[in-house]
$ cat upload-v7.cif   # mmCIF, C-alpha atoms
data_model
loop_
_atom_site.label_atom_id
_atom_site.label_comp_id
_atom_site.auth_asym_id
_atom_site.auth_seq_id
_atom_site.Cartn_x
_atom_site.Cartn_y
_atom_site.Cartn_z
CA MET A 300 118.49 57.53 100.10
CA THR A 301 116.61 60.52 98.72
CA ALA A 302 118.27 62.13 95.72
CA THR A 303 119.16 65.82 96.12
CA VAL A 304 118.71 67.78 92.92
CA GLY A 305 119.87 71.36 92.57
CA VAL A 306 117.58 73.82 90.79
CA LEU A 307 119.62 76.75 89.50
CA LEU A 308 117.40 79.83 89.27
CA SER A 309 118.19 83.16 87.59
CA GLY A 310 115.57 85.57 88.95
CA CYS A 311 111.79 85.51 88.82
CA GLY A 312 110.06 86.25 85.53
CA VAL A 313 110.47 85.19 81.91
CA PHE A 314 111.85 88.48 80.54
CA ASP A 315 114.57 89.18 83.12
CA GLY A 316 114.81 86.07 85.28
CA ALA A 317 113.92 82.40 85.53
CA GLU A 318 110.79 81.40 83.60
CA ILE A 319 108.35 80.90 86.46
CA HIS A 320 106.27 78.08 84.93
CA GLU A 321 109.37 76.09 83.98
CA ALA A 322 110.87 76.52 87.44
CA VAL A 323 107.68 75.52 89.27
CA LEU A 324 107.10 72.53 86.99
CA THR A 325 110.66 71.38 87.66
CA LEU A 326 110.01 71.56 91.42
CA LEU A 327 106.67 69.73 91.00
CA PHE A 328 108.07 66.83 89.02
CA LEU A 329 111.12 66.50 91.28
CA ASP A 330 108.86 66.33 94.34
CA ARG A 331 106.63 63.75 92.66
CA ALA A 332 109.74 61.72 91.77
CA GLY A 333 110.75 61.63 95.45
CA ALA A 334 113.75 63.94 95.06
CA THR A 335 114.68 66.77 97.40
CA SER A 336 115.05 70.06 95.52
CA ARG A 337 117.77 72.48 96.50
CA CYS A 338 117.25 75.91 94.98
CA MET A 339 120.20 78.21 94.30
CA ALA A 340 121.00 81.36 92.33
CA PRO A 341 123.89 83.79 91.87
CA ASP A 342 124.11 86.59 94.46
CA ALA A 343 124.46 89.30 91.81
CA ALA A 344 122.59 92.20 90.23
CA GLN A 345 120.15 91.29 87.45
CA MET A 346 121.20 92.47 83.97
CA HIS A 347 117.74 94.00 83.52
CA VAL A 348 114.53 94.62 85.39
CA ILE A 349 111.74 94.35 82.82
CA ASN A 350 108.20 95.55 83.43
CA HIS A 351 106.39 92.34 82.44
CA LEU A 352 103.17 94.22 81.64
CA THR A 353 104.76 96.59 79.08
CA GLN A 354 107.99 94.65 78.35
CA GLU A 355 109.94 97.89 78.87
CA ILE A 356 113.33 97.98 80.61
CA THR A 357 112.98 99.91 83.87
CA ASP A 358 115.62 101.73 85.92
CA GLU A 359 115.04 99.44 88.91
CA ARG A 360 117.82 97.32 90.38
CA ARG A 361 117.08 93.84 91.67
CA ASN A 362 119.27 90.99 92.92
CA VAL A 363 119.10 87.57 91.22
CA LEU A 364 119.24 85.59 94.48
CA VAL A 365 116.65 87.77 96.25
CA GLU A 366 114.17 87.58 93.36
CA SER A 367 114.77 83.85 92.83
CA ALA A 368 113.81 83.38 96.49
CA ARG A 369 110.22 84.20 95.46
CA ILE A 370 110.02 81.00 93.42
CA ALA A 371 111.79 79.04 96.17
CA ARG A 372 109.52 80.38 98.95
CA GLY A 373 112.68 81.58 100.73
CA ALA A 374 114.45 78.20 100.70
CA ILE A 375 117.43 79.11 98.54
CA GLN A 376 121.17 79.65 98.76
CA ASP A 377 123.91 81.48 96.89
CA VAL A 378 125.22 79.18 94.12
CA GLY A 379 128.71 80.20 95.26
CA THR A 380 128.18 78.19 98.46
CA VAL A 381 127.14 75.00 96.63
CA SER A 382 129.57 72.23 95.78
CA ALA A 383 129.01 69.41 93.28
CA ALA A 384 129.49 67.05 96.24
CA ASP A 385 126.24 68.43 97.72
CA LEU A 386 124.15 67.36 94.72
CA ASP A 387 123.16 64.22 92.82
CA ALA A 388 122.07 66.24 89.78
CA LEU A 389 121.37 69.83 88.72
CA ILE A 390 118.56 71.31 86.60
CA ILE A 391 118.52 74.80 85.07
CA PRO A 392 115.08 76.23 84.15
CA GLY A 393 114.98 78.73 81.29
CA GLY A 394 113.72 82.27 80.91
CA PHE A 395 115.85 85.20 79.76
CA GLY A 396 117.55 85.15 83.16
CA ALA A 397 119.33 81.94 82.18
CA ALA A 398 120.93 83.91 79.31
CA LYS A 399 121.18 87.31 81.05
CA ASN A 400 122.15 86.47 84.63
CA LEU A 401 123.76 82.99 84.49
CA SER A 402 125.65 84.12 81.39
CA ASP A 403 125.27 87.10 79.04
CA PHE A 404 124.43 84.96 76.01
CA ALA A 405 121.26 86.99 75.37
CA VAL A 406 123.33 90.04 74.46
CA LYS A 407 126.72 88.59 73.43
CA GLY A 408 125.78 85.31 71.75
CA PRO A 409 128.77 83.02 71.17
CA LYS A 410 131.14 85.59 72.78
CA ALA A 411 129.25 85.47 76.08
CA ASN A 412 130.75 84.82 79.49
CA VAL A 413 129.30 82.50 82.13
CA HIS A 414 128.94 83.67 85.75
CA PRO A 415 132.10 82.25 87.40
CA GLU A 416 130.30 80.31 90.15
CA VAL A 417 127.87 78.85 87.62
CA ARG A 418 130.78 77.84 85.40
CA ARG A 419 132.57 76.24 88.35
CA LEU A 420 129.56 74.24 89.51
CA LEU A 421 128.62 73.05 86.00
CA ASN A 422 132.19 71.92 85.31
CA ASP A 423 132.48 70.16 88.66
CA MET A 424 129.15 68.39 88.08
CA ALA A 425 130.24 67.26 84.61
CA ALA A 426 133.66 66.15 85.89
CA ALA A 427 131.92 64.07 88.57
CA GLY A 428 129.65 62.47 85.97
CA LYS A 429 126.56 63.92 87.66
CA PRO A 430 123.57 64.60 85.37
CA ILE A 431 122.60 68.13 84.35
CA GLY A 432 119.24 69.15 82.89
CA ALA A 433 118.76 72.39 80.95
CA ILE A 434 115.41 73.84 79.87
CA CYS A 435 114.43 76.39 77.19
CA ILE A 436 117.38 78.76 76.54
CA ALA A 437 119.47 77.38 79.45
CA PRO A 438 121.27 74.89 77.13
CA ALA A 439 123.06 77.88 75.56
CA THR A 440 124.62 78.79 78.91
CA LEU A 441 125.33 75.12 79.60
CA THR A 442 127.11 74.82 76.24
CA LEU A 443 129.19 77.94 76.98
CA ALA A 444 130.26 76.46 80.31
CA LEU A 445 131.04 73.00 78.96
CA ALA A 446 132.19 73.91 75.43
CA ASP A 447 135.27 71.67 75.69
CA ARG A 448 132.95 68.66 76.02
CA GLN A 449 130.99 69.47 72.82
CA PRO A 450 127.59 69.00 74.47
CA ASP A 451 124.65 67.66 72.45
CA VAL A 452 121.66 69.87 73.28
CA THR A 453 118.39 71.30 72.01
CA ILE A 454 116.78 74.70 72.29
CA GLY A 455 113.96 73.63 69.97
CA SER A 456 114.22 74.81 66.40
CA ASP A 457 115.27 78.50 66.38
CA ALA A 458 117.91 78.65 63.62
CA ALA A 459 119.87 81.65 64.93
CA THR A 460 120.14 80.26 68.47
CA ALA A 461 121.04 76.81 67.15
CA ALA A 462 123.79 78.37 65.01
CA ALA A 463 125.12 80.27 68.03
CA ILE A 464 125.27 77.02 70.01
CA GLU A 465 127.18 75.34 67.16
CA ALA A 466 129.55 78.34 67.03
CA ILE A 467 130.36 77.85 70.71
CA GLY A 468 131.24 74.19 70.13
CA GLY A 469 127.96 72.49 70.97
CA ARG A 470 125.95 70.23 68.70
CA HIS A 471 122.35 71.29 68.28
CA HIS A 472 119.50 68.86 67.65
CA THR A 473 116.03 70.03 66.64
CA CYS A 474 113.31 68.91 69.07
CA THR A 475 109.59 69.46 69.54
CA VAL A 476 108.27 70.74 72.88
CA ASP A 477 107.25 67.27 74.05
CA MET A 478 110.73 65.83 73.43
CA ILE A 479 114.02 65.70 75.30
CA GLN A 480 117.53 65.62 73.85
CA VAL A 481 119.79 63.24 75.77
CA ASP A 482 123.59 63.46 75.69
CA GLU A 483 124.53 60.11 77.24
CA ARG A 484 128.26 60.82 76.91
CA ASN A 485 128.10 63.98 79.03
CA ARG A 486 124.98 62.97 80.99
CA LEU A 487 122.99 66.04 79.86
CA VAL A 488 119.26 66.34 79.16
CA SER A 489 117.57 69.33 77.48
CA THR A 490 114.05 70.25 76.36
CA PRO A 491 112.74 73.30 74.43
CA ALA A 492 109.87 74.32 76.77
CA TYR A 493 108.87 77.95 76.12
CA MET A 494 111.41 78.30 73.28
CA LEU A 495 108.49 76.61 71.49
CA GLY A 496 105.48 76.57 73.83
CA PRO A 497 102.72 77.23 73.10
CA GLY A 498 101.14 76.52 76.48
CA ILE A 499 101.96 75.37 79.99
CA LYS A 500 100.63 71.84 79.48
CA ASP A 501 102.89 71.39 76.44
CA VAL A 502 105.91 72.67 78.33
CA ALA A 503 105.03 70.39 81.26
CA THR A 504 105.24 67.30 79.05
CA GLY A 505 108.87 67.95 78.10
CA ILE A 506 109.90 68.99 81.61
CA GLU A 507 108.32 65.88 83.13
CA LYS A 508 110.33 63.73 80.70
CA LEU A 509 113.51 65.67 81.48
CA VAL A 510 113.08 65.17 85.24
CA ALA A 511 112.33 61.46 84.75
CA ARG A 512 115.49 61.00 82.67
CA ILE A 513 117.63 62.92 85.16
CA MET A 514 116.28 60.73 87.99
CA ALA A 515 116.99 57.58 85.95
CA MET A 516 120.56 58.78 85.30
CA ILE A 517 121.13 59.35 89.04
CA THR A 518 120.35 55.73 89.85
CA ALA A 519 121.95 54.25 86.70
CA MET B 152 83.02 76.01 73.30
CA THR B 153 86.16 76.46 75.39
CA ALA B 154 85.54 77.60 78.94
CA THR B 155 87.22 80.86 79.94
CA VAL B 156 88.39 80.87 83.55
CA GLY B 157 89.70 83.98 85.23
CA VAL B 158 92.78 83.66 87.46
CA LEU B 159 92.88 86.54 89.92
CA LEU B 160 96.49 87.22 90.90
CA SER B 161 97.76 89.46 93.71
CA GLY B 162 101.44 89.98 92.94
CA CYS B 163 104.31 87.52 92.55
CA GLY B 164 105.69 85.83 95.67
CA VAL B 165 104.27 84.11 98.72
CA PHE B 166 105.09 86.81 101.30
CA ASP B 167 103.76 89.88 99.48
CA GLY B 168 101.91 88.60 96.42
CA ALA B 169 100.31 85.57 94.82
CA GLU B 170 101.83 82.23 95.88
CA ILE B 171 103.76 81.32 92.75
CA HIS B 172 103.40 77.53 92.93
CA GLU B 173 99.65 77.75 93.53
CA ALA B 174 99.20 80.18 90.65
CA VAL B 175 101.25 78.10 88.20
CA LEU B 176 99.54 74.86 89.22
CA THR B 177 96.16 76.53 88.65
CA LEU B 178 97.25 77.53 85.13
CA LEU B 179 98.61 74.01 84.47
CA PHE B 180 95.46 72.18 85.51
CA LEU B 181 93.20 74.66 83.67
CA ASP B 182 95.22 74.17 80.47
CA ARG B 183 95.10 70.38 80.88
CA ALA B 184 91.32 70.60 81.41
CA GLY B 185 90.96 72.44 78.09
CA ALA B 186 90.05 75.80 79.62
CA THR B 187 91.40 79.17 78.51
CA SER B 188 92.95 81.05 81.43
CA ARG B 189 92.50 84.78 81.68
CA CYS B 190 94.86 86.34 84.22
CA MET B 191 93.97 89.57 86.00
CA ALA B 192 95.07 91.60 89.03
CA PRO B 193 94.32 94.96 90.65
CA ASP B 194 96.23 97.94 89.23
CA ALA B 195 97.32 99.15 92.68
CA ALA B 196 100.38 99.46 94.89
CA GLN B 197 101.34 96.35 96.85
CA MET B 198 100.83 96.64 100.62
CA HIS B 199 104.40 95.39 101.15
CA VAL B 200 107.49 94.44 99.20
CA ILE B 201 109.13 91.63 101.16
CA ASN B 202 112.69 90.45 100.55
CA HIS B 203 111.94 86.73 100.16
CA LEU B 204 115.50 85.75 101.14
CA THR B 205 115.45 87.53 104.52
CA GLN B 206 111.65 87.96 104.93
CA GLU B 207 112.24 91.63 105.82
CA ILE B 208 109.92 94.40 104.66
CA THR B 209 111.81 96.66 102.25
CA ASP B 210 111.17 100.29 101.29
CA GLU B 211 110.58 99.35 97.64
CA ARG B 212 107.29 100.10 95.91
CA ARG B 213 105.83 97.65 93.41
CA ASN B 214 102.53 97.45 91.55
CA VAL B 215 100.30 94.38 91.94
CA LEU B 216 99.36 94.18 88.24
CA VAL B 217 102.93 94.69 87.02
CA GLU B 218 104.36 92.01 89.33
CA SER B 219 101.48 89.60 88.63
CA ALA B 220 102.40 89.92 84.93
CA ARG B 221 105.54 87.88 85.73
CA ILE B 222 103.42 84.82 86.50
CA ALA B 223 101.17 85.51 83.49
CA ARG B 224 104.12 85.98 81.07
CA GLY B 225 102.67 89.40 80.22
CA ALA B 226 99.17 88.15 79.30
CA ILE B 227 97.20 89.91 82.02
CA GLN B 228 94.69 92.71 82.47
CA ASP B 229 93.49 95.07 85.19
CA VAL B 230 90.69 93.35 87.14
CA GLY B 231 88.79 96.63 86.88
CA THR B 232 88.34 95.98 83.15
CA VAL B 233 86.91 92.48 83.63
CA SER B 234 83.19 91.78 83.78
CA ALA B 235 81.53 88.60 85.07
CA ALA B 236 80.05 88.25 81.56
CA ASP B 237 83.62 87.69 80.25
CA LEU B 238 84.17 84.60 82.41
CA ASP B 239 82.71 81.15 82.98
CA ALA B 240 84.45 80.84 86.36
CA LEU B 241 87.10 82.53 88.49
CA ILE B 242 89.92 81.09 90.61
CA ILE B 243 91.95 82.98 93.23
CA PRO B 244 95.36 81.51 94.13
CA GLY B 245 96.66 82.21 97.65
CA GLY B 246 99.80 83.76 99.06
CA PHE B 247 99.86 86.75 101.39
CA GLY B 248 98.96 88.95 98.42
CA ALA B 249 95.44 87.48 98.46
CA ALA B 250 95.08 88.90 102.01
CA LYS B 251 97.26 92.03 101.59
CA ASN B 252 96.42 93.27 98.09
CA LEU B 253 92.99 91.80 97.24
CA SER B 254 91.85 92.71 100.74
CA ASP B 255 93.71 93.76 103.90
CA PHE B 256 92.63 90.70 105.88
CA ALA B 257 96.27 89.89 106.78
CA VAL B 258 96.48 93.02 108.94
CA LYS B 259 92.83 93.79 109.83
CA GLY B 260 91.28 90.33 110.15
CA PRO B 261 87.47 90.41 110.28
CA LYS B 262 87.47 94.25 109.97
CA ALA B 263 89.26 94.10 106.61
CA ASN B 264 88.14 95.77 103.39
CA VAL B 265 88.12 94.13 99.97
CA HIS B 266 89.59 95.95 96.94
CA PRO B 267 86.50 97.51 95.31
CA GLU B 268 87.01 95.97 91.85
CA VAL B 269 87.62 92.55 93.42
CA ARG B 270 84.49 92.90 95.51
CA ARG B 271 82.48 93.91 92.45
CA LEU B 272 83.67 91.04 90.29
CA LEU B 273 83.20 88.42 93.04
CA ASN B 274 79.66 89.63 93.75
CA ASP B 275 78.78 89.73 90.06
CA MET B 276 80.12 86.20 89.57
CA ALA B 277 78.14 84.91 92.56
CA ALA B 278 74.99 86.71 91.43
CA ALA B 279 75.34 85.08 88.00
CA GLY B 280 75.78 81.65 89.59
CA LYS B 281 79.25 81.30 88.11
CA PRO B 282 81.70 79.12 90.09
CA ILE B 283 84.54 80.63 92.13
CA GLY B 284 87.57 78.74 93.43
CA ALA B 285 89.73 80.04 96.28
CA ILE B 286 93.07 78.58 97.35
CA CYS B 287 95.08 78.82 100.59
CA ILE B 288 94.22 82.13 102.38
CA ALA B 289 92.13 83.45 99.46
CA PRO B 290 88.89 82.04 101.00
CA ALA B 291 89.20 84.72 103.70
CA THR B 292 88.99 87.49 101.11
CA LEU B 293 86.23 85.61 99.30
CA THR B 294 84.26 85.38 102.54
CA LEU B 295 84.70 89.10 103.18
CA ALA B 296 83.37 89.89 99.70
CA LEU B 297 80.43 87.48 99.89
CA ALA B 298 79.68 87.65 103.63
CA ASP B 299 75.93 88.10 103.02
CA ARG B 300 75.86 84.67 101.39
CA GLN B 301 77.48 82.89 104.39
CA PRO B 302 80.00 80.99 102.26
CA ASP B 303 81.17 77.53 103.30
CA VAL B 304 84.96 77.49 102.91
CA THR B 305 88.19 75.98 104.18
CA ILE B 306 91.61 77.46 104.87
CA GLY B 307 92.81 74.13 106.31
CA SER B 308 92.90 73.92 110.08
CA ASP B 309 94.39 77.13 111.49
CA ALA B 310 92.13 77.95 114.44
CA ALA B 311 92.66 81.72 114.49
CA THR B 312 92.04 82.13 110.76
CA ALA B 313 89.02 79.84 110.93
CA ALA B 314 87.62 81.92 113.80
CA ALA B 315 88.15 85.11 111.81
CA ILE B 316 86.26 83.62 108.87
CA GLU B 317 83.38 82.68 111.19
CA ALA B 318 83.43 86.20 112.64
CA ILE B 319 82.95 87.63 109.15
CA GLY B 320 79.93 85.43 108.57
CA GLY B 321 81.48 82.47 106.77
CA ARG B 322 81.31 78.85 107.84
CA HIS B 323 84.68 77.19 108.14
CA HIS B 324 85.27 73.49 107.53
CA THR B 325 88.54 71.78 108.43
CA CYS B 326 90.23 70.12 105.45
CA THR B 327 93.49 68.34 104.72
CA VAL B 328 95.72 69.54 101.90
CA ASP B 329 94.49 66.87 99.47
CA MET B 330 90.84 67.84 100.01
CA ILE B 331 88.46 70.45 98.63
CA GLN B 332 85.54 72.11 100.40
CA VAL B 333 82.54 72.49 98.09
CA ASP B 334 79.75 75.03 98.73
CA GLU B 335 77.12 73.80 96.25
CA ARG B 336 74.66 76.51 97.28
CA ASN B 337 77.03 79.36 96.35
CA ARG B 338 79.06 77.37 93.79
CA LEU B 339 82.35 77.88 95.65
CA VAL B 340 85.31 75.50 95.94
CA SER B 341 88.27 75.97 98.30
CA THR B 342 91.43 74.01 99.20
CA PRO B 343 94.09 74.67 101.89
CA ALA B 344 97.25 74.38 99.69
CA TYR B 345 100.21 76.06 101.43
CA MET B 346 98.11 76.93 104.52
CA LEU B 347 99.05 73.29 105.24
CA GLY B 348 101.64 72.17 102.66
CA PRO B 349 104.10 70.65 103.20
CA GLY B 350 105.29 70.34 99.62
CA ILE B 351 104.37 71.24 96.07
CA LYS B 352 103.14 67.75 95.18
CA ASP B 353 100.71 67.83 98.13
CA VAL B 354 99.44 71.27 97.18
CA ALA B 355 99.06 70.12 93.56
CA THR B 356 96.69 67.34 94.59
CA GLY B 357 94.17 69.74 96.15
CA ILE B 358 94.47 72.31 93.37
CA GLU B 359 93.95 69.67 90.68
CA LYS B 360 90.74 68.61 92.48
CA LEU B 361 89.61 72.22 92.81
CA VAL B 362 90.09 72.88 89.08
CA ALA B 363 88.29 69.65 88.17
CA ARG B 364 85.31 70.59 90.35
CA ILE B 365 85.18 74.14 88.96
CA MET B 366 85.20 72.73 85.40
CA ALA B 367 82.43 70.28 86.32
CA MET B 368 80.37 73.13 87.79
CA ILE B 369 80.74 75.16 84.56
CA THR B 370 79.17 72.42 82.49
CA ALA B 371 76.61 71.34 85.11
#
$ encode --input "upload-v7.cif" --output "structure tokens"
Amino acid sequence: MTATVGVLLSGCGVFDGAEIHEAVLTLLFLDRAGATSRCMAPDAAQMHVINHLTQEITDERRNVLVESARIARGAIQDVGTVSAADLDALIIPGGFGAAKNLSDFAVKGPKANVHPEVRRLLNDMAAAGKPIGAICIAPATLTLALADRQPDVTIGSDAATAAAIEAIGGRHHTCTVDMIQVDERNRLVSTPAYMLGPGIKDVATGIEKLVARIMAMITA
Amino acid sequence: MTATVGVLLSGCGVFDGAEIHEAVLTLLFLDRAGATSRCMAPDAAQMHVINHLTQEITDERRNVLVESARIARGAIQDVGTVSAADLDALIIPGGFGAAKNLSDFAVKGPKANVHPEVRRLLNDMAAAGKPIGAICIAPATLTLALADRQPDVTIGSDAATAAAIEAIGGRHHTCTVDMIQVDERNRLVSTPAYMLGPGIKDVATGIEKLVARIMAMITA
């Protein structure tokens, strides 16, 4: 049996969507591990469209699902149509989209809300004991969704973000970019990725470990 | 001395820009090989903006450089400002953008034109004996730019595309996705990637070989 692992995207680009390197590396390591990836994203307007050359907010409007489809080469579905029963595990790449489009943590911090379909799927996955991986800033949204479970996560070492995660009810653990934080109780794995960087090969080391641990949890 | 390798992007998304997986894998393997990547793209309107969920052409307008900046996390420059003297080698990921925005091969075939700044840089690189890698459909644009040199390239095994490359003056060699085609005379390396697929791990194998050969050519 091939494992089916959901990859929850949040747009296409580090400043307003899913971090592209993190998303592609997740797909690479899942494929190498023999898993089938199933990409998904919310069918909703992006919070922002950022010109990635100038970093300015533009007046464009783009849809999270439509832009995420660029990373997925068209093979993607609305997260609202995905059930926890469809998946063996779920991984959330980072990028500002994970904190702008999956929740609004980037602007509201501990008072943020999680997209309702994202909240539903994350809670159903956790209730079913299915592993969830979260990369970069995505652990903040994961903590918001699963606050009742007091998740143990990392976003690296940024003090303000770590404090916000603790304020939500999570427990933050400092990690370097080549490390993963494992919450065995809740079956969660997180890694700092581009919260620390500096480069793609460094980020790849942590993401490869995260995927390996998620795959091990599926079969454990 | 760290090698500096240009990565010539053509947008952000397989149907209207640079193929995202191929571009990210190129950056990964260059970083692992100890090279410094230098991303660039034409400052020009995209030929198309395709909705990657439905594959329909939209009436949106997007700029190749601005969208390419998503893959480059903002660290990118106009190809018109890059000189062959700045680079030790150049790699062109595929995606329709390589045949819609770097040239118009996707719609004009052998009668296509190459973007003038792309043509200039490719000819200057070849004249300086600096290696050039081309992935997926990008060898078609490379052949257009360097037709006088009768480049030996591969785009995999698609008969119509191979015939078009021969019509331009190139020499096409059938390859599988895990192979590279090496033109020692012109110092060119090509690999089929998503012209064949099927998956990201297969594409990664060919791209890793291409990067390794380009790096070996730099020091040879």
$ closest_residue --input "upload-v7.cif" --among "A:Gly408, A:Ile319, A:Met478, A:Ala332" --to "Ser219 in chain B" --atoms "all atoms listed in the file"
A:Ile319
$ resolve_selection --input "upload-v7.cif" --expression "the PyMOL selection byres ((chain A) within 9 of (chain B))" --output "PDB file with C-alpha atoms, in the frame of the given file"
ATOM      1  CA  CYS A 311     111.790  85.510  88.820  1.00  0.00           C
ATOM      2  CA  GLY A 312     110.060  86.250  85.530  1.00  0.00           C
ATOM      3  CA  VAL A 313     110.470  85.190  81.910  1.00  0.00           C
ATOM      4  CA  PHE A 314     111.850  88.480  80.540  1.00  0.00           C
ATOM      5  CA  GLU A 318     110.790  81.400  83.600  1.00  0.00           C
ATOM      6  CA  ILE A 319     108.350  80.900  86.460  1.00  0.00           C
ATOM      7  CA  HIS A 320     106.270  78.080  84.930  1.00  0.00           C
ATOM      8  CA  VAL A 323     107.680  75.520  89.270  1.00  0.00           C
ATOM      9  CA  LEU A 324     107.100  72.530  86.990  1.00  0.00           C
ATOM     10  CA  LEU A 326     110.010  71.560  91.420  1.00  0.00           C
ATOM     11  CA  LEU A 327     106.670  69.730  91.000  1.00  0.00           C
ATOM     12  CA  PHE A 328     108.070  66.830  89.020  1.00  0.00           C
ATOM     13  CA  LEU A 329     111.120  66.500  91.280  1.00  0.00           C
ATOM     14  CA  ASP A 330     108.860  66.330  94.340  1.00  0.00           C
ATOM     15  CA  ARG A 331     106.630  63.750  92.660  1.00  0.00           C
ATOM     16  CA  ASN A 350     108.200  95.550  83.430  1.00  0.00           C
ATOM     17  CA  HIS A 351     106.390  92.340  82.440  1.00  0.00           C
ATOM     18  CA  LEU A 352     103.170  94.220  81.640  1.00  0.00           C
ATOM     19  CA  THR A 353     104.760  96.590  79.080  1.00  0.00           C
ATOM     20  CA  GLN A 354     107.990  94.650  78.350  1.00  0.00           C
ATOM     21  CA  LEU A 364     119.240  85.590  94.480  1.00  0.00           C
ATOM     22  CA  VAL A 365     116.650  87.770  96.250  1.00  0.00           C
ATOM     23  CA  GLU A 366     114.170  87.580  93.360  1.00  0.00           C
ATOM     24  CA  SER A 367     114.770  83.850  92.830  1.00  0.00           C
ATOM     25  CA  ALA A 368     113.810  83.380  96.490  1.00  0.00           C
ATOM     26  CA  ARG A 369     110.220  84.200  95.460  1.00  0.00           C
ATOM     27  CA  ILE A 370     110.020  81.000  93.420  1.00  0.00           C
ATOM     28  CA  ALA A 371     111.790  79.040  96.170  1.00  0.00           C
ATOM     29  CA  ARG A 372     109.520  80.380  98.950  1.00  0.00           C
ATOM     30  CA  GLY A 373     112.680  81.580 100.730  1.00  0.00           C
ATOM     31  CA  ALA A 374     114.450  78.200 100.700  1.00  0.00           C
ATOM     32  CA  ILE A 375     117.430  79.110  98.540  1.00  0.00           C
ATOM     33  CA  GLN A 376     121.170  79.650  98.760  1.00  0.00           C
ATOM     34  CA  GLY A 498     101.140  76.520  76.480  1.00  0.00           C
ATOM     35  CA  ILE A 499     101.960  75.370  79.990  1.00  0.00           C
ATOM     36  CA  LYS A 500     100.630  71.840  79.480  1.00  0.00           C
ATOM     37  CA  ALA A 503     105.030  70.390  81.260  1.00  0.00           C
TER      38      ALA A 503
END
$ residues_around --input "upload-v7.cif" --residues "range 441-455 of chain A" --least-positions-apart "2" --cutoff "6 Å" --atoms "only C-alpha atoms" --output "short mmCIF file (atom, residue, chain, number, x, y, z; two decimals) with C-alpha atoms, keeping the file's coordinate frame"
data_model
loop_
_atom_site.label_atom_id
_atom_site.label_comp_id
_atom_site.auth_asym_id
_atom_site.auth_seq_id
_atom_site.Cartn_x
_atom_site.Cartn_y
_atom_site.Cartn_z
CA ARG A 418 130.78 77.84 85.40
CA CYS A 435 114.43 76.39 77.19
CA ILE A 436 117.38 78.76 76.54
CA PRO A 438 121.27 74.89 77.13
CA ALA A 439 123.06 77.88 75.56
CA GLY A 468 131.24 74.19 70.13
CA GLY A 469 127.96 72.49 70.97
CA ARG A 470 125.95 70.23 68.70
CA HIS A 471 122.35 71.29 68.28
CA HIS A 472 119.50 68.86 67.65
CA THR A 473 116.03 70.03 66.64
CA CYS A 474 113.31 68.91 69.07
CA GLN A 480 117.53 65.62 73.85
CA ASP A 482 123.59 63.46 75.69
CA SER A 489 117.57 69.33 77.48
CA PRO A 491 112.74 73.30 74.43
#
$ residues_around --input "upload-v7.cif" --residues "Leu339 in chain B" --least-positions-apart "5" --cutoff "6 Å" --atoms "only C-alpha atoms" --output "number ranges by chain"
B: 282-284, 333-334
$ atom_distance --input "upload-v7.cif" --atom1 "CA of Asp329 in chain B" --atom2 "CA of Thr356 in chain B"
5.4 Å
$ atom_distance --input "upload-v7.cif" --atom1 "CA of Cys190 in chain B" --atom2 "CA of Val476 in chain A"
23.5 Å
$ atom_distance --input "upload-v7.cif" --atom1 "CA of His266 in chain B" --atom2 "CA of Arg361 in chain A"
28.1 Å
$ residues_around --input "upload-v7.cif" --residues "Ala437 in chain A" --least-positions-apart "3" --cutoff "8 Å" --atoms "all atoms listed in the file" --output "JSON, numbers by chain"
{"A": [391, 392, 393, 394, 397, 398, 433, 434, 440, 441]}
$ write_last_selection --input "upload-v7.cif" --atoms "C-alpha atoms" --output "PDB file, in the coordinates of the input"
ATOM      1  CA  ILE A 391     118.520  74.800  85.070  1.00  0.00           C
ATOM      2  CA  PRO A 392     115.080  76.230  84.150  1.00  0.00           C
ATOM      3  CA  GLY A 393     114.980  78.730  81.290  1.00  0.00           C
ATOM      4  CA  GLY A 394     113.720  82.270  80.910  1.00  0.00           C
ATOM      5  CA  ALA A 397     119.330  81.940  82.180  1.00  0.00           C
ATOM      6  CA  ALA A 398     120.930  83.910  79.310  1.00  0.00           C
ATOM      7  CA  ALA A 433     118.760  72.390  80.950  1.00  0.00           C
ATOM      8  CA  ILE A 434     115.410  73.840  79.870  1.00  0.00           C
ATOM      9  CA  THR A 440     124.620  78.790  78.910  1.00  0.00           C
ATOM     10  CA  LEU A 441     125.330  75.120  79.600  1.00  0.00           C
TER      11      LEU A 441
END
$ resolve_selection --input "upload-v7.cif" --expression "the PyMOL selection byres ((chain A and resi 424) around 9)" --output "list in words"
Ser382, Ala383, Ala384, Leu386, Asp387, Ala388, Leu389, Arg419, Leu420, Leu421, Asn422, Asp423, Ala425, Ala426, Ala427, Gly428, Lys429, Pro430 and Ile431 of chain A
$ axis_aligned_box --input "upload-v7.cif" --around "range 505-511 of chain A" --padding-each-side "5 Å" --output "AutoDock Vina command-line options"
--center_x 110.9 --center_y 65.2 --center_z 81.7 --size_x 15.2 --size_y 17.5 --size_z 17.1
$ closest_residue --input "upload-v7.cif" --among "B:Ser161, B:Ser308, B:Val230, B:Glu317" --to "Asp255 in chain B" --atoms "all atoms listed in the file"
B:Ser161
$ closest_residue --input "upload-v7.cif" --among "B:Ile365, B:Ala263, B:Gly231, B:Ser254" --to "Glu335 in chain B" --atoms "all atoms listed in the file"
B:Ile365
$ resolve_selection --input "upload-v7.cif" --expression "the PyMOL selection byres ((chain B and resi 187) around 6)" --output "list of chain:residue names"
B:Thr155, B:Ala186, B:Ser188
